[in-house]
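Source file: start_18.tsv. Holds: TSV, C-alpha atoms (C1' of nucleotides).
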```
chain	number	residue	atom	x	y	z
A	19	MET	CA	112.78	139.90	92.18
A	20	MET	CA	111.04	139.68	95.51
A	21	LYS	CA	113.87	138.36	97.58
A	22	HIS	CA	114.32	141.52	99.63
A	23	PRO	CA	112.68	140.95	102.99
A	24	ASN	CA	113.04	144.62	103.77
A	25	LEU	CA	110.70	145.44	100.92
A	26	ILE	CA	108.13	143.09	102.37
A	27	ASP	CA	108.46	144.68	105.78
A	28	GLN	CA	108.21	148.09	104.20
A	29	ALA	CA	105.12	147.06	102.28
A	30	GLU	CA	103.47	145.60	105.35
A	31	ALA	CA	104.11	148.79	107.28
A	32	LEU	CA	102.73	150.90	104.45
A	33	VAL	CA	99.57	148.84	104.30
A	34	LYS	CA	99.01	149.20	108.01
A	35	THR	CA	99.66	152.91	108.17
A	36	HIS	CA	97.05	153.30	105.46
A	37	GLY	CA	94.41	151.61	107.54
A	38	GLY	CA	94.42	148.22	105.90
A	39	ARG	CA	95.01	144.71	107.04
A	40	ALA	CA	98.37	143.35	106.05
A	41	THR	CA	97.21	140.26	104.27
A	42	ARG	CA	99.63	138.19	102.31
A	43	THR	CA	98.37	139.17	98.88
A	44	ARG	CA	98.23	142.85	99.69
A	45	THR	CA	101.67	142.91	101.24
A	46	MET	CA	103.27	140.88	98.50
A	47	VAL	CA	101.69	142.86	95.69
A	48	LEU	CA	102.84	146.13	97.18
A	49	ALA	CA	106.32	144.74	97.83
A	50	PHE	CA	106.41	143.50	94.26
A	51	LEU	CA	105.39	146.88	92.89
A	52	LEU	CA	108.01	148.51	95.09
A	53	SER	CA	110.64	146.16	93.66
A	54	GLN	CA	109.69	147.06	90.12
A	55	HIS	CA	110.58	150.36	88.63
A	56	LYS	CA	108.04	150.24	85.92
A	57	ALA	CA	104.30	150.11	85.44
A	58	MET	CA	102.74	146.68	85.54
A	59	THR	CA	99.45	145.36	84.28
A	60	HIS	CA	97.20	143.05	86.23
A	61	TYR	CA	98.20	140.29	83.83
A	62	GLN	CA	101.91	140.84	84.35
A	63	ILE	CA	101.58	140.86	88.11
A	64	GLU	CA	99.38	137.81	88.11
A	65	HIS	CA	101.85	135.85	86.01
A	66	THR	CA	105.12	136.89	87.62
A	67	LEU	CA	104.20	137.25	91.27
A	68	GLY	CA	101.68	134.48	90.82
A	69	GLU	CA	104.50	131.99	90.34
A	70	GLN	CA	105.53	132.56	93.92
A	71	ILE	CA	102.29	132.94	95.77
A	72	LYS	CA	98.85	131.80	94.83
A	73	MET	CA	96.47	134.64	94.18
A	74	ASP	CA	92.92	134.95	93.05
A	75	ARG	CA	92.42	137.13	89.98
A	76	VAL	CA	89.66	139.10	91.60
A	77	THR	CA	91.60	139.62	94.80
A	78	LEU	CA	94.43	141.03	92.75
A	79	TYR	CA	92.06	143.41	90.99
A	80	ARG	CA	90.72	144.51	94.36
A	81	THR	CA	94.17	144.83	95.82
A	82	LEU	CA	95.31	147.08	93.00
A	83	GLU	CA	92.16	149.14	93.36
A	84	TRP	CA	92.80	149.47	97.08
A	85	LEU	CA	96.40	150.55	96.59
A	86	THR	CA	95.21	153.16	94.13
A	87	GLU	CA	92.48	154.43	96.44
A	88	LYS	CA	94.91	154.74	99.31
A	89	GLY	CA	97.36	156.69	97.20
A	90	LEU	CA	100.02	154.01	97.39
A	91	ALA	CA	99.92	153.53	93.66
A	92	HIS	CA	98.37	155.11	90.61
A	93	LYS	CA	97.04	153.70	87.41
A	94	PHE	CA	96.71	154.81	83.82
A	95	LEU	CA	95.97	153.50	80.36
A	96	SER	CA	98.67	153.43	77.75
A	97	ASN	CA	97.69	153.86	74.14
A	98	GLN	CA	99.08	150.41	73.37
A	99	ASP	CA	96.44	148.15	74.80
A	100	ARG	CA	93.42	148.69	76.94
A	101	ALA	CA	94.84	147.35	80.18
A	102	TRP	CA	95.40	149.45	83.27
A	103	ARG	CA	99.01	149.81	84.33
A	104	PHE	CA	99.95	150.31	87.94
A	105	LEU	CA	102.90	152.17	89.36
A	106	VAL	CA	103.80	152.49	92.98
A	107	ASN	CA	103.97	156.04	94.27
A	108	ASP	CA	107.58	156.25	95.37
A	109	ARG	CA	107.73	159.81	96.45
A	110	PRO	CA	105.54	160.98	99.31
A	111	ALA	CA	102.40	162.70	98.08
A	112	HIS	CA	103.23	161.57	94.59
A	113	SER	CA	101.67	163.99	92.19
A	114	HIS	CA	98.98	162.67	89.96
A	115	GLN	CA	100.09	165.18	87.43
A	116	HIS	CA	103.38	163.99	86.11
A	117	PRO	CA	104.60	162.64	82.81
A	118	HIS	CA	105.28	159.02	82.01
A	119	PHE	CA	107.84	157.55	79.70
A	120	ALA	CA	106.83	154.53	77.61
A	121	CYS	CA	109.45	152.49	75.80
A	122	THR	CA	108.28	151.63	72.31
A	123	GLN	CA	110.52	148.58	72.26
A	124	CYS	CA	109.95	146.78	75.55
A	125	ASP	CA	106.78	148.55	76.67
A	126	LYS	CA	108.31	149.53	79.97
A	127	VAL	CA	106.66	152.55	81.54
A	128	VAL	CA	108.28	154.72	84.18
A	129	CYS	CA	107.47	157.98	85.88
A	130	LEU	CA	109.32	161.13	84.95
A	131	ASP	CA	109.89	164.00	87.26
A	132	LYS	CA	107.56	166.88	87.08
A	133	ILE	CA	108.49	169.31	84.40
A	134	LYS	CA	109.31	172.79	85.51
A	135	SER	CA	108.87	174.79	82.39
A	136	THR	CA	105.57	176.28	81.44
A	137	TYR	CA	103.88	175.32	78.24
A	138	ASP	CA	102.66	177.32	75.37
A	139	ILE	CA	99.45	175.46	74.80
A	140	PRO	CA	97.01	177.34	72.61
A	141	LEU	CA	93.57	176.54	73.99
A	142	PRO	CA	90.45	177.59	72.11
A	143	GLU	CA	88.70	180.73	73.33
A	144	GLY	CA	87.03	180.23	76.69
A	145	TYR	CA	88.63	176.90	77.52
A	146	GLN	CA	90.13	176.43	80.95
A	147	MET	CA	93.03	174.15	81.72
A	148	GLN	CA	92.93	172.09	84.88
A	149	GLY	CA	95.65	169.56	84.36
A	150	LEU	CA	97.90	167.82	81.93
A	151	GLU	CA	98.53	164.22	81.00
A	152	MET	CA	101.68	163.52	79.16
A	153	THR	CA	103.46	160.44	77.90
A	154	VAL	CA	106.84	160.57	76.25
A	155	LYS	CA	107.40	157.75	73.78
A	156	GLY	CA	110.86	156.53	73.00
A	157	LEU	CA	113.57	154.05	73.81
A	158	CYS	CA	114.62	153.27	77.34
A	159	VAL	CA	118.28	152.85	78.21
A	160	SER	CA	118.15	149.07	77.75
A	161	CYS	CA	116.63	149.30	74.30
A	162	ALA	CA	118.43	152.35	72.94
B	30	MET	CA	73.16	166.46	63.37
B	31	MET	CA	73.50	164.71	60.03
B	32	LYS	CA	71.17	166.81	57.98
B	33	HIS	CA	73.85	168.36	55.81
B	34	PRO	CA	73.80	166.60	52.48
B	35	ASN	CA	77.04	168.30	51.55
B	36	LEU	CA	78.75	166.44	54.38
B	37	ILE	CA	77.47	163.17	53.02
B	38	ASP	CA	78.72	164.02	49.55
B	39	GLN	CA	82.03	165.08	51.00
B	40	ALA	CA	82.29	161.86	52.97
B	41	GLU	CA	81.46	159.75	49.94
B	42	ALA	CA	84.11	161.50	47.90
B	43	LEU	CA	86.68	161.04	50.65
B	44	VAL	CA	85.94	157.35	50.89
B	45	LYS	CA	86.36	156.90	47.16
B	46	THR	CA	89.55	158.90	46.86
B	47	HIS	CA	90.97	156.67	49.56
B	48	GLY	CA	90.35	153.55	47.56
B	49	GLY	CA	87.25	152.30	49.31
B	50	ARG	CA	83.73	151.51	48.26
B	51	ALA	CA	81.26	154.12	49.31
B	52	THR	CA	78.89	151.94	51.21
B	53	ARG	CA	76.11	153.47	53.24
B	54	THR	CA	77.61	152.70	56.64
B	55	ARG	CA	81.04	153.93	55.70
B	56	THR	CA	79.77	157.13	54.15
B	57	MET	CA	77.37	157.89	56.96
B	58	VAL	CA	79.89	157.19	59.70
B	59	LEU	CA	82.44	159.46	58.10
B	60	ALA	CA	79.84	162.17	57.50
B	61	PHE	CA	78.78	161.82	61.10
B	62	LEU	CA	82.34	162.15	62.37
B	63	LEU	CA	82.80	165.16	60.12
B	64	SER	CA	79.67	166.75	61.61
B	65	GLN	CA	80.98	166.26	65.14
B	66	HIS	CA	83.76	168.34	66.49
B	67	LYS	CA	84.67	165.95	69.20
B	68	ALA	CA	85.96	162.45	69.69
B	69	MET	CA	83.35	159.73	69.71
B	70	THR	CA	83.41	156.19	71.04
B	71	HIS	CA	82.06	153.22	69.17
B	72	TYR	CA	79.21	153.13	71.66
B	73	GLN	CA	78.30	156.77	71.13
B	74	ILE	CA	78.32	156.43	67.36
B	75	GLU	CA	76.32	153.24	67.45
B	76	HIS	CA	73.65	154.82	69.63
B	77	THR	CA	73.34	158.21	67.99
B	78	LEU	CA	73.90	157.48	64.33
B	79	GLY	CA	72.28	154.10	64.87
B	80	GLU	CA	68.94	155.80	65.44
B	81	GLN	CA	68.95	156.92	61.84
B	82	ILE	CA	70.46	154.03	59.96
B	83	LYS	CA	70.73	150.42	60.96
B	84	MET	CA	74.28	149.29	61.50
B	85	ASP	CA	75.92	146.12	62.63
B	86	ARG	CA	78.24	146.45	65.62
B	87	VAL	CA	81.06	144.66	63.88
B	88	THR	CA	80.68	146.64	60.70
B	89	LEU	CA	81.00	149.81	62.72
B	90	TYR	CA	84.15	148.50	64.37
B	91	ARG	CA	85.58	147.65	60.98
B	92	THR	CA	84.52	150.96	59.51
B	93	LEU	CA	86.28	152.88	62.26
B	94	GLU	CA	89.35	150.72	61.81
B	95	TRP	CA	89.30	151.41	58.09
B	96	LEU	CA	88.97	155.16	58.55
B	97	THR	CA	91.91	155.05	60.92
B	98	GLU	CA	94.03	152.98	58.56
B	99	LYS	CA	93.32	155.32	55.67
B	100	GLY	CA	94.27	158.33	57.72
B	101	LEU	CA	90.79	159.79	57.61
B	102	ALA	CA	90.51	159.55	61.38
B	103	HIS	CA	92.65	158.76	64.36
B	104	LYS	CA	91.93	157.04	67.63
B	105	PHE	CA	93.19	157.22	71.18
B	106	LEU	CA	92.36	156.11	74.69
B	107	SER	CA	91.42	158.61	77.34
B	108	ASN	CA	92.25	157.81	80.92
B	109	GLN	CA	88.56	157.83	81.77
B	110	ASP	CA	87.40	154.53	80.42
B	111	ARG	CA	88.85	151.80	78.27
B	112	ALA	CA	87.07	152.69	75.04
B	113	TRP	CA	88.77	153.98	71.90
B	114	ARG	CA	87.70	157.44	70.83
B	115	PHE	CA	87.70	158.46	67.20
B	116	LEU	CA	88.27	161.87	65.71
B	117	VAL	CA	88.12	162.78	62.08
B	118	ASN	CA	91.33	164.24	60.68
B	119	ASP	CA	90.16	167.65	59.57
B	120	ARG	CA	93.38	169.07	58.37
B	121	PRO	CA	95.21	167.44	55.51
B	122	ALA	CA	98.00	165.15	56.68
B	123	HIS	CA	96.75	165.54	60.20
B	124	SER	CA	99.64	164.91	62.54
B	125	HIS	CA	99.41	161.93	64.81
B	126	GLN	CA	101.49	163.86	67.25
B	127	HIS	CA	99.25	166.54	68.59
B	128	PRO	CA	97.66	167.27	71.93
B	129	HIS	CA	94.04	166.64	72.83
B	130	PHE	CA	91.81	168.55	75.15
B	131	ALA	CA	89.39	166.60	77.32
B	132	CYS	CA	86.61	168.39	79.18
B	133	THR	CA	86.28	167.04	82.69
B	134	GLN	CA	82.65	168.08	82.80
B	135	CYS	CA	81.08	166.86	79.57
B	136	ASP	CA	83.83	164.46	78.42
B	137	LYS	CA	84.13	166.18	75.08
B	138	VAL	CA	87.51	165.66	73.45
B	139	VAL	CA	88.91	167.90	70.74
B	140	CYS	CA	92.21	168.25	68.97
B	141	LEU	CA	94.52	171.09	69.80
B	142	ASP	CA	96.97	172.59	67.40
B	143	LYS	CA	100.49	171.39	67.50
B	144	ILE	CA	102.51	173.14	70.09
B	145	LYS	CA	105.46	175.10	68.87
B	146	SER	CA	107.60	175.46	71.91
B	147	THR	CA	110.10	172.87	72.92
B	148	TYR	CA	109.87	171.13	76.21
B	149	ASP	CA	112.25	170.75	79.05
B	150	ILE	CA	111.60	167.11	79.74
B	151	PRO	CA	114.25	165.53	81.95
B	152	LEU	CA	114.70	161.99	80.67
B	153	PRO	CA	116.80	159.50	82.60
B	154	GLU	CA	120.34	158.92	81.36
B	155	GLY	CA	120.43	157.09	78.03
B	156	TYR	CA	116.76	157.41	77.25
B	157	GLN	CA	115.74	158.57	73.79
B	158	MET	CA	112.57	160.47	73.01
B	159	GLN	CA	110.64	159.57	69.88
B	160	GLY	CA	107.32	161.25	70.39
B	161	LEU	CA	104.92	162.81	72.80
B	162	GLU	CA	101.34	162.19	73.78
B	163	MET	CA	99.59	164.91	75.59
B	164	THR	CA	96.10	165.51	76.91
B	165	VAL	CA	95.07	168.74	78.53
B	166	LYS	CA	92.29	168.33	81.07
B	167	GLY	CA	89.95	171.16	81.85
B	168	LEU	CA	86.66	172.82	81.07
B	169	CYS	CA	85.49	173.49	77.55
B	170	VAL	CA	83.80	176.72	76.66
B	171	SER	CA	80.32	175.30	77.19
B	172	CYS	CA	81.12	174.01	80.65
B	173	ALA	CA	83.38	176.78	81.92
C	8	DC	C1'	72.83	146.77	30.50
C	9	DG	C1'	73.91	142.36	32.74
C	10	DA	C1'	77.33	139.08	34.47
C	11	DA	C1'	81.73	138.61	36.85
C	12	DT	C1'	84.72	139.99	40.46
C	13	DT	C1'	86.00	141.28	44.81
C	14	DA	C1'	85.25	144.37	48.70
C	15	DT	C1'	81.96	144.65	52.57
C	16	DT	C1'	78.56	143.19	55.49
C	17	DG	C1'	75.99	140.48	58.99
C	18	DC	C1'	75.79	136.97	62.20
C	19	DA	C1'	77.56	133.92	65.62
C	20	DA	C1'	81.06	132.78	68.44
C	21	DC	C1'	84.96	134.04	70.98
C	22	DA	C1'	88.67	136.75	73.57
C	23	DC	C1'	90.34	139.89	76.91
C	24	DT	C1'	89.97	142.90	80.79
C	25	DA	C1'	87.41	144.13	84.63
C	26	DT	C1'	83.36	144.04	88.02
C	27	DT	C1'	79.64	142.32	91.21
C	28	DG	C1'	77.31	139.28	94.68
C	29	DC	C1'	77.74	136.51	98.29
C	30	DA	C1'	79.28	132.92	101.34
C	31	DT	C1'	83.59	131.80	103.70
C	32	DA	C1'	87.90	132.80	105.88
C	33	DT	C1'	91.05	135.54	108.55
C	34	DA	C1'	93.53	139.68	110.66
C	35	DG	C1'	93.53	142.45	114.43
C	36	DC	C1'	91.31	143.62	118.73
C	37	DT	C1'	89.89	142.73	123.59
D	7	DA	C1'	90.66	132.18	122.59
D	8	DG	C1'	86.61	134.49	120.85
D	9	DC	C1'	84.54	138.54	118.18
D	10	DT	C1'	83.80	141.19	114.39
D	11	DA	C1'	84.74	143.84	110.57
D	12	DT	C1'	87.71	143.29	106.70
D	13	DA	C1'	89.38	140.64	102.98
D	14	DT	C1'	89.23	136.54	100.06
D	15	DG	C1'	87.62	133.01	96.67
D	16	DC	C1'	84.46	131.46	93.47
D	17	DA	C1'	80.92	131.89	90.08
D	18	DA	C1'	78.55	134.71	87.25
D	19	DT	C1'	78.23	138.87	84.51
D	20	DA	C1'	79.56	143.10	82.01
D	21	DG	C1'	82.01	146.08	78.55
D	22	DT	C1'	84.73	146.48	74.58
D	23	DG	C1'	86.77	144.61	70.73
D	24	DT	C1'	88.02	140.57	67.33
D	25	DT	C1'	87.71	136.47	64.20
D	26	DG	C1'	85.68	133.17	60.78
D	27	DC	C1'	82.84	132.58	57.22
D	28	DA	C1'	78.84	132.56	54.29
D	29	DA	C1'	75.86	136.04	52.15
D	30	DT	C1'	75.46	140.59	49.89
D	31	DA	C1'	76.35	144.45	47.12
D	32	DA	C1'	79.56	147.98	44.82
D	33	DT	C1'	82.44	148.29	40.80
D	34	DT	C1'	84.34	146.64	36.69
D	35	DC	C1'	84.23	144.56	32.31
D	36	DG	C1'	82.29	142.65	28.21
```

Output the structure of this file as structure tokens.
Amino acid sequence: MMKHPNLIDQAEALVKTHGGRATRTRTMVLAFLLSQHKAMTHYQIEHTLGEQIKMDRVTLYRTLEWLTEKGLAHKFLSNQDRAWRFLVNDRPAHSHQHPHFACTQCDKVVCLDKIKSTYDIPLPEGYQMQGLEMTVKGLCVSCA
Amino acid sequence: MMKHPNLIDQAEALVKTHGGRATRTRTMVLAFLLSQHKAMTHYQIEHTLGEQIKMDRVTLYRTLEWLTEKGLAHKFLSNQDRAWRFLVNDRPAHSHQHPHFACTQCDKVVCLDKIKSTYDIPLPEGYQMQGLEMTVKGLCVSCA
DNA sequence: CGAATTATTGCAACACTATTGCATATAGCT
DNA sequence: AGCTATATGCAATAGTGTTGCAATAATTCG
């Protein structure tokens, strides 16, 4: 979990092409997020990645904020706790309007592909829809 | 906004039929939620209702927790801030599985009716769906 | 009604997550 | 190698919610 040097190179390149300095924390956090296929909280990142490299709490907060600003990751709140969860934006121009899947057993959160079908959402008279947030709850393949 | 004595009577009755003591804070908070047609945060309740009756912060937290436990209200997190929002359960046996609408202009949140149609949600192999959380973003009738 | 019982409250302290200010360090440039 | 803007580290602070416990008050019972 972080032993792929290619991920680190990839992360460093991504940081630079987004106008940032490829510092160790920034590069390693992005590489770590790239290596994960689930949403991670600040706490989780601090305690797993933090075993390998020393990081300041605040720097990690700012790093995650930076990644989000630059569109390299996105964040959201689950209804479980009140901690932001961060997911790397794999696909180019990752849509901010896509559903998430949250495992009720292991709390893993992953992105789902955009849904094609249209929805029959009955809005009150005069309301206008701009977007949709959606989280599917259930069991992931490991917990099913 | 809180001048309907019938709402207070209704709230008091609801509290009692749910096995609780009809204390002033509990009755007034429930009556207040009943008078609102939108989700309210602890902060909002404390500062609006708090102008009329004195309330302890913690008591309000516990009151909201109690209302939620008893099924008189439900709570959720929006992706805006990290504060729980509370909505009274108007309809009997109000489903916990229903969409919300959040106005991007005035931050008002209301419940939407359950959606009838089925969804074409492509889950990864082996994943099992248990439920669905959904928030429609847009403009409410006052802001459109 | 008045005392007994037990649910609620109020206060103080604490916990968790996140943010701000500012001096110091460092990446990238020339 | 030196410059300079960017990024970091530390300390302090903020926002939201929780816990422990003694004091209070809503019901119940005699």

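Distance-wise, atom CA of Ser53 of chain A and atom CA of Val128 of chain A end up 13.0 Å apart.
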
Box centre and edge lengths (Å, one decimal), axis-aligned, segment 64-74 of chain A plus 8 Å each side, as JSON:
```
{"center_x": 99.2, "center_y": 134.8, "center_z": 90.9, "size_x": 28.6, "size_y": 22.0, "size_z": 25.8}
```

Superposed chain A (ref. Chain B, all C-alpha pairs in order) as a compact mmCIF listing (two decimals) with C-alpha atoms, in the frame of the given file:
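Written output follows (selection22.txt):
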```txt
# COMPACT_ATOMS: atom_id res chain seq x y z
CA MET A 19 73.23 166.55 63.23
CA MET A 20 73.57 164.80 59.92
CA LYS A 21 71.27 166.93 57.87
CA HIS A 22 74.00 168.46 55.73
CA PRO A 23 73.97 166.67 52.39
CA ASN A 24 77.24 168.32 51.50
CA LEU A 25 78.92 166.47 54.34
CA ILE A 26 77.62 163.21 52.98
CA ASP A 27 78.90 164.04 49.52
CA GLN A 28 82.21 165.06 51.00
CA ALA A 29 82.41 161.83 52.96
CA GLU A 30 81.57 159.72 49.95
CA ALA A 31 84.26 161.44 47.92
CA LEU A 32 86.80 160.96 50.69
CA VAL A 33 86.02 157.27 50.92
CA LYS A 34 86.47 156.82 47.21
CA THR A 35 89.69 158.76 46.93
CA HIS A 36 91.06 156.51 49.64
CA GLY A 37 90.38 153.40 47.63
CA GLY A 38 87.26 152.22 49.37
CA ARG A 39 83.75 151.48 48.33
CA ALA A 40 81.29 154.14 49.34
CA THR A 41 78.88 151.97 51.22
CA ARG A 42 76.12 153.51 53.23
CA THR A 43 77.58 152.75 56.63
CA ARG A 44 81.04 153.93 55.71
CA THR A 45 79.82 157.14 54.14
CA MET A 46 77.42 157.94 56.93
CA VAL A 47 79.90 157.22 59.69
CA LEU A 48 82.50 159.45 58.10
CA ALA A 49 79.93 162.19 57.47
CA PHE A 50 78.83 161.88 61.08
CA LEU A 51 82.39 162.17 62.35
CA LEU A 52 82.91 165.16 60.09
CA SER A 53 79.80 166.79 61.58
CA GLN A 54 81.08 166.29 65.09
CA HIS A 55 83.87 168.33 66.48
CA LYS A 56 84.74 165.96 69.21
CA ALA A 57 85.98 162.43 69.71
CA MET A 58 83.35 159.74 69.72
CA THR A 59 83.34 156.21 71.04
CA HIS A 60 81.94 153.25 69.17
CA TYR A 61 79.07 153.23 71.64
CA GLN A 62 78.23 156.88 71.09
CA ILE A 63 78.27 156.52 67.33
CA GLU A 64 76.22 153.37 67.43
CA HIS A 65 73.56 155.00 69.58
CA THR A 66 73.31 158.40 67.92
CA LEU A 67 73.88 157.61 64.26
CA GLY A 68 72.22 154.27 64.81
CA GLU A 69 68.89 156.01 65.35
CA GLN A 70 68.96 157.12 61.75
CA ILE A 71 70.44 154.20 59.90
CA LYS A 72 70.64 150.60 60.89
CA MET A 73 74.16 149.41 61.47
CA ASP A 74 75.76 146.23 62.61
CA ARG A 75 78.05 146.60 65.62
CA VAL A 76 80.85 144.71 63.96
CA THR A 77 80.55 146.66 60.73
CA LEU A 78 80.89 149.84 62.72
CA TYR A 79 84.01 148.51 64.43
CA ARG A 80 85.44 147.61 61.03
CA THR A 81 84.45 150.92 59.54
CA LEU A 82 86.21 152.84 62.29
CA GLU A 83 89.26 150.64 61.89
CA TRP A 84 89.24 151.29 58.16
CA LEU A 85 88.96 155.05 58.59
CA THR A 86 91.89 154.92 60.98
CA GLU A 87 94.00 152.79 58.65
CA LYS A 88 93.33 155.13 55.76
CA GLY A 89 94.32 158.15 57.80
CA LEU A 90 90.86 159.66 57.67
CA ALA A 91 90.54 159.45 61.42
CA HIS A 92 92.65 158.62 64.43
CA LYS A 93 91.90 156.92 67.67
CA PHE A 94 93.15 157.07 71.23
CA LEU A 95 92.28 155.96 74.73
CA SER A 96 91.31 158.50 77.33
CA ASN A 97 92.16 157.79 80.93
CA GLN A 98 88.46 157.86 81.79
CA ASP A 99 87.27 154.56 80.45
CA ARG A 100 88.81 151.90 78.31
CA ALA A 101 86.96 152.70 75.10
CA TRP A 102 88.64 153.93 71.95
CA ARG A 103 87.64 157.41 70.86
CA PHE A 104 87.68 158.41 67.23
CA LEU A 105 88.31 161.81 65.74
CA VAL A 106 88.19 162.71 62.11
CA ASN A 107 91.41 164.12 60.71
CA ASP A 108 90.27 167.55 59.59
CA ARG A 109 93.51 168.96 58.40
CA PRO A 110 95.31 167.29 55.52
CA ALA A 111 98.08 165.00 56.71
CA HIS A 112 96.82 165.42 60.23
CA SER A 113 99.70 164.88 62.57
CA HIS A 114 99.50 161.93 64.85
CA GLN A 115 101.50 163.91 67.30
CA HIS A 116 99.24 166.57 68.64
CA PRO A 117 97.63 167.27 71.97
CA HIS A 118 94.03 166.61 72.87
CA PHE A 119 91.79 168.50 75.21
CA ALA A 120 89.39 166.51 77.39
CA CYS A 121 86.59 168.24 79.25
CA THR A 122 86.30 166.90 82.77
CA GLN A 123 82.65 167.89 82.90
CA CYS A 124 81.10 166.65 79.66
CA ASP A 125 83.86 164.32 78.51
CA LYS A 126 84.14 166.05 75.17
CA VAL A 127 87.51 165.57 73.52
CA VAL A 128 88.88 167.82 70.81
CA CYS A 129 92.17 168.22 69.02
CA LEU A 130 94.46 171.09 69.85
CA ASP A 131 96.87 172.62 67.45
CA LYS A 132 100.40 171.49 67.56
CA ILE A 133 102.40 173.28 70.16
CA LYS A 134 105.32 175.28 68.94
CA SER A 135 107.42 175.64 72.01
CA THR A 136 110.03 173.11 72.93
CA TYR A 137 109.82 171.24 76.16
CA ASP A 138 112.20 170.87 78.98
CA ILE A 139 111.64 167.21 79.62
CA PRO A 140 114.33 165.65 81.77
CA LEU A 141 114.79 162.13 80.43
CA PRO A 142 116.94 159.63 82.30
CA GLU A 143 120.47 159.11 80.99
CA GLY A 144 120.52 157.32 77.66
CA TYR A 145 116.82 157.60 76.92
CA GLN A 146 115.75 158.78 73.50
CA MET A 147 112.56 160.65 72.78
CA GLN A 148 110.59 159.76 69.68
CA GLY A 149 107.27 161.39 70.26
CA LEU A 150 104.89 162.90 72.73
CA GLU A 151 101.34 162.21 73.76
CA MET A 152 99.59 164.92 75.61
CA THR A 153 96.11 165.49 76.95
CA VAL A 154 95.06 168.71 78.57
CA LYS A 155 92.29 168.26 81.12
CA GLY A 156 89.92 171.06 81.92
CA LEU A 157 86.61 172.68 81.17
CA CYS A 158 85.41 173.32 77.66
CA VAL A 159 83.68 176.57 76.78
CA SER A 160 80.21 175.09 77.35
CA CYS A 161 81.07 173.81 80.80
CA ALA A 162 83.29 176.61 82.06
```

Next item on the list: Residues of chain C no more than 12 Å from chain A, counting all atoms listed in the file: send them over as a ChimeraX atom specification.
Entry: /C:23-27,33-35

Check: Could you list, as a ChimeraX atom specification, every residue of chain B that has an atom within 9 Å of an atom of chain A, counting only C-alpha atoms?
Finding: /B:105-113,128,130,132-133,141-173

Next item on the list: List every protein, DNA or RNA residue that has at least one atom no more than 8 Å from (79.5, 139.3, 66.9) in the file's coordinates, counting only C-alpha atoms (C1' of nucleotides), and write the result as a list of chain:residue names.
Entry: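 Every polymer residue passing the test: B:Arg86, B:Val87, C:DC18, C:DA19, C:DA20.
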
Checklist line | Proximal residues of chain D relative to chain B (only C-alpha atoms (C1' of nucleotides); 9 Å) as an NGL selection string | finding: :D and (21-24 or 31-33)

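When atom CA of Thr56 of chain B is paired with atom C1' of DA10 of chain C, their separation reads 26.8 Å.
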
Next item on the list: Report the distance between atom CA of Thr97 of chain B and atom CA of Arg103 of chain A in Å, rounded to one decimal place.
Entry: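 Spanning atom CA of Thr97 of chain B to atom CA of Arg103 of chain A is a straight-line distance of 25.0 Å.
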
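Here the question is which of C:DT37, C:DG17, C:DG9, C:DA32 gets nearest to DT12 of chain D using all atoms listed in the file, and that residue is C:DA32.
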
Next item on the list: Using only C-alpha atoms (C1' of nucleotides), determine which residues lie at most 10 Å from Glu83 of chain A, disregarding the query and same-chain residues fewer than 6 positions distant; provide the list as a ChimeraX atom specification.
Entry: /A:77,89,91-93,104

Margin query: When you look at Gln39 of chain B with a cut-off of 12 Å (counting only C-alpha atoms (C1' of nucleotides)), what residues show up, excluding the ones that are within fewer than 6 positions of it in the same chain? I need them as a list in words.
Written below: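 Answer for this query is His33, Lys45, Thr46, Ala51, Thr56, Met57, Val58, Leu59, Ala60, Phe61, Leu62, Leu63 and Ser64 of chain B.
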